[in-house]
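Visitor: Below: one structure in structure tokens.
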Amino acid sequence: MICVPFLISEQVKARHPKITYADLYQLAGVVAVEITGGPIIDFVPGRKDSIDSPEEGRLPDAKQGPSHLREVFHRMGLSDKDIVALSGGHTLGRAHPERSGFEGPWTKDPLKFDNSYFMELLKEESKLLKLPTDKALVEDPKFRHYVEVYAKDEDAFFTDYAASHKKLSELGFCPPSCGFKVTANPKTLALRVVGVAIATGVVLLSYFYEVHRRVK
């Protein structure tokens with residue numbers, strides 16, 4: 001079975017060959033956050049595709065703790081606040097055993113972007129998924145500070161998540177603005193429409209997966 005979002009992105013790529021895959025996938029993520037209730041994240045196009053893949057092991061190991069998280073993210077110039085804010089992205093989706101060895105959603109509504117991930121982390125008893133790296137966020141005092149802030153203040157989480165997401169998505173990429181704010185233009189607006197199409201495919205596929213899983 002071919003993934004629906006992949007088919008959609010290929011259709012968009014065929015119609016707009018000048019758009020890079022790097023921009024397409026980043027934009028789809030930005031819009032997916034927005035249409036599921038999350039913050040609007042500033043997006044600037046201009047990324048280049050590459051045929052070279054980075055070496056394995058650059059992503060966090062879900063079985064590790066605070067020191068590992070800092071080792072991975074700090075080397076990218078990200079802070080403790082960025083680590084916790086970006087972890088809040090677990091509010092969407094679920095883990096699949098065939099891909100990660102873990103199974104289940106982190107929140108009661110895995111298709112809604114909100115601050116419930118942090119509220120669940122602070123509960124001692126929860127049947128929802130908590131990876132070792134999730135638990136590390138409440139076990140480490142510096143991480144826990146931000147967990148408690150975001151659990152109480154969704155607006156604060158949204159603001160910090162949007163900033164951290166943008167920072168992460170622009171690592172190794174110098175936007176055409178190079179620090180100057182870019183106002184909306186026809187090209188950017190057209191790209192955003194493209195992103196809506198792809199992100200909608202992702203969300204719909206996830207929705208049908210959840211419905212099918214619950215029926216079973």
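Within each chain, counting starts at residue 1; across the structure tokens, chains are named A, B, ... in the order shown, with ligands numbered 1 upward in that order.
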Any idea what's packed within 8 Å of Ala62 of chain A, counting only C-alpha atoms, ignoring anything in its chain fewer than 2 positions away? Could you give it as a ChimeraX atom specification?

Guide: /A:60,64,131-133

Visitor: What does the file look like for those residues with all heavy atoms, as a compact mmCIF listing (two decimals), in the first residue's frame?

Guide:
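Contents of selection-v4.txt, as written:
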# COMPACT_ATOMS: atom_id res chain seq x y z
N PRO A 60 17.47 11.43 18.53
CA PRO A 60 17.50 10.96 19.92
C PRO A 60 17.09 9.49 20.04
O PRO A 60 16.22 9.03 19.31
CB PRO A 60 16.49 11.88 20.62
CG PRO A 60 16.36 13.06 19.74
CD PRO A 60 16.55 12.56 18.34
N GLN A 64 16.82 6.62 26.12
CA GLN A 64 17.83 7.32 26.90
C GLN A 64 17.21 8.37 27.83
O GLN A 64 15.99 8.56 27.85
CB GLN A 64 18.84 7.97 25.96
CG GLN A 64 19.58 7.00 25.07
CD GLN A 64 20.52 6.10 25.86
OE1 GLN A 64 21.08 6.51 26.87
NE2 GLN A 64 20.71 4.88 25.39
N LEU A 131 7.58 7.47 26.90
CA LEU A 131 8.89 6.93 26.58
C LEU A 131 9.88 7.33 27.68
O LEU A 131 9.63 8.28 28.43
CB LEU A 131 9.38 7.50 25.24
CG LEU A 131 8.50 7.25 24.01
CD1 LEU A 131 9.04 8.03 22.82
CD2 LEU A 131 8.42 5.78 23.70
N PRO A 132 11.00 6.64 27.78
CA PRO A 132 12.03 7.07 28.73
C PRO A 132 12.44 8.53 28.54
O PRO A 132 12.68 9.25 29.50
CB PRO A 132 13.19 6.12 28.42
CG PRO A 132 12.51 4.86 27.99
CD PRO A 132 11.34 5.33 27.16
N THR A 133 12.49 8.98 27.27
CA THR A 133 12.83 10.39 27.02
C THR A 133 11.69 11.33 27.44
O THR A 133 11.94 12.50 27.74
CB THR A 133 13.15 10.61 25.53
OG1 THR A 133 12.16 9.95 24.71
CG2 THR A 133 14.52 10.08 25.18

Visitor: Quick check for you: according to DSSP on this backbone, which residues of segment 1-193 of chain A are classed as strand (DSSP E or B)? Reply as a tab-separated table (two decimals) with N, CA and C atoms, in the first residue's frame.

Guide:
chain	number	residue	atom	x	y	z
A	94	ARG	N	0.99	8.77	17.17
A	94	ARG	CA	1.19	7.65	18.06
A	94	ARG	C	2.45	6.91	17.64
A	95	ALA	N	2.97	6.10	18.53
A	95	ALA	CA	4.15	5.29	18.22
A	95	ALA	C	3.71	3.96	17.64
A	104	GLY	N	1.38	3.08	20.85
A	104	GLY	CA	0.34	3.85	21.51
A	104	GLY	C	0.49	5.35	21.37
A	105	PRO	N	-0.56	6.09	21.69
A	105	PRO	CA	-0.53	7.55	21.63
A	105	PRO	C	-0.05	8.14	22.95

Visitor: Between atom CA of Lys130 of chain A and atom CA of His68 of chain A, what distance in Å does the model show, to one decimal?

Guide: 16.7 Å

Visitor: At what distance in Å, to one decimal, does atom CA of Leu128 of chain A lie from atom CA of Glu103 of chain A?

Guide: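 Distance between the two atoms: 9.6 Å.
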
Visitor: If you count only C-alpha atoms, which residues fall within 9 Å of Asp42 of chain A, apart from same-chain ones fewer than 6 positions away, as a PyMOL selection string?

Guide: chain A and resi 30+162-163+166

Visitor: Put those residues in a file: all heavy atoms, as a PDB file, in the first residue's frame.

Guide:
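The new file out-v4.pdb reads:
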ATOM      1  N   VAL A  30       4.489  22.096   8.986  1.00  0.00           N
ATOM      2  CA  VAL A  30       4.039  23.380   9.526  1.00  0.00           C
ATOM      3  C   VAL A  30       2.518  23.491   9.462  1.00  0.00           C
ATOM      4  O   VAL A  30       1.856  23.875  10.430  1.00  0.00           O
ATOM      5  CB  VAL A  30       4.686  24.543   8.740  1.00  0.00           C
ATOM      6  CG1 VAL A  30       3.958  25.858   8.988  1.00  0.00           C
ATOM      7  CG2 VAL A  30       6.157  24.683   9.130  1.00  0.00           C
ATOM      8  N   ALA A 162       6.344  27.191  18.327  1.00  0.00           N
ATOM      9  CA  ALA A 162       6.478  27.794  16.998  1.00  0.00           C
ATOM     10  C   ALA A 162       7.904  28.280  16.766  1.00  0.00           C
ATOM     11  O   ALA A 162       8.483  28.075  15.686  1.00  0.00           O
ATOM     12  CB  ALA A 162       5.487  28.943  16.840  1.00  0.00           C
ATOM     13  N   ALA A 163       8.493  28.910  17.779  1.00  0.00           N
ATOM     14  CA  ALA A 163       9.859  29.422  17.657  1.00  0.00           C
ATOM     15  C   ALA A 163      10.868  28.280  17.546  1.00  0.00           C
ATOM     16  O   ALA A 163      11.793  28.327  16.724  1.00  0.00           O
ATOM     17  CB  ALA A 163      10.190  30.302  18.856  1.00  0.00           C
ATOM     18  N   LYS A 166      10.586  26.399  14.117  1.00  0.00           N
ATOM     19  CA  LYS A 166      11.226  27.186  13.057  1.00  0.00           C
ATOM     20  C   LYS A 166      12.744  27.081  13.152  1.00  0.00           C
ATOM     21  O   LYS A 166      13.425  26.896  12.144  1.00  0.00           O
ATOM     22  CB  LYS A 166      10.792  28.653  13.160  1.00  0.00           C
ATOM     23  CG  LYS A 166      11.446  29.570  12.116  1.00  0.00           C
ATOM     24  CD  LYS A 166      10.915  30.985  12.219  1.00  0.00           C
ATOM     25  CE  LYS A 166      11.687  31.938  11.297  1.00  0.00           C
ATOM     26  NZ  LYS A 166      11.551  31.563   9.871  1.00  0.00           N
TER      27      LYS A 166
END

Visitor: Can you work out which one of A:Ile35, A:Pro45, A:Glu10, A:Phe73 has the shortest atom-to-atom distance to Ala22 of chain A, counting only C-alpha atoms?

Guide: A:Pro45

Visitor: Between A:Leu69, A:Leu92, A:Leu171, A:Val149, which one has atoms that come closest to Ala136 of chain A, using only C-alpha atoms?

Guide: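 Checking each candidate against Ala136 of chain A, we get A:Leu69 as the closest.
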
Visitor: So the first atom is atom CA of Glu120 of chain A and the second is atom CA of Val147 of chain A; what is the distance between them in Å, to one decimal place?

Guide: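 Spanning atom CA of Glu120 of chain A to atom CA of Val147 of chain A is a straight-line distance of 10.2 Å.
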
Visitor: Name the closest residue to Thr91 of chain A among the candidates A:Lys108, A:Lys13, A:Lys48, A:Lys127; distances are taken between atoms, counting only C-alpha atoms.

Guide: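 Nearest candidate to Thr91 of chain A out of A:Lys108, A:Lys13, A:Lys48, A:Lys127: A:Lys108.
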
Visitor: Would you mind telling me which residue in A:Asp23, A:Leu137, A:Pro97, A:Ser79 lies nearest to Ser9 of chain A when using only C-alpha atoms?

Guide: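 Between A:Asp23, A:Leu137, A:Pro97, A:Ser79, the residue approaching Ser9 of chain A most closely is A:Asp23.
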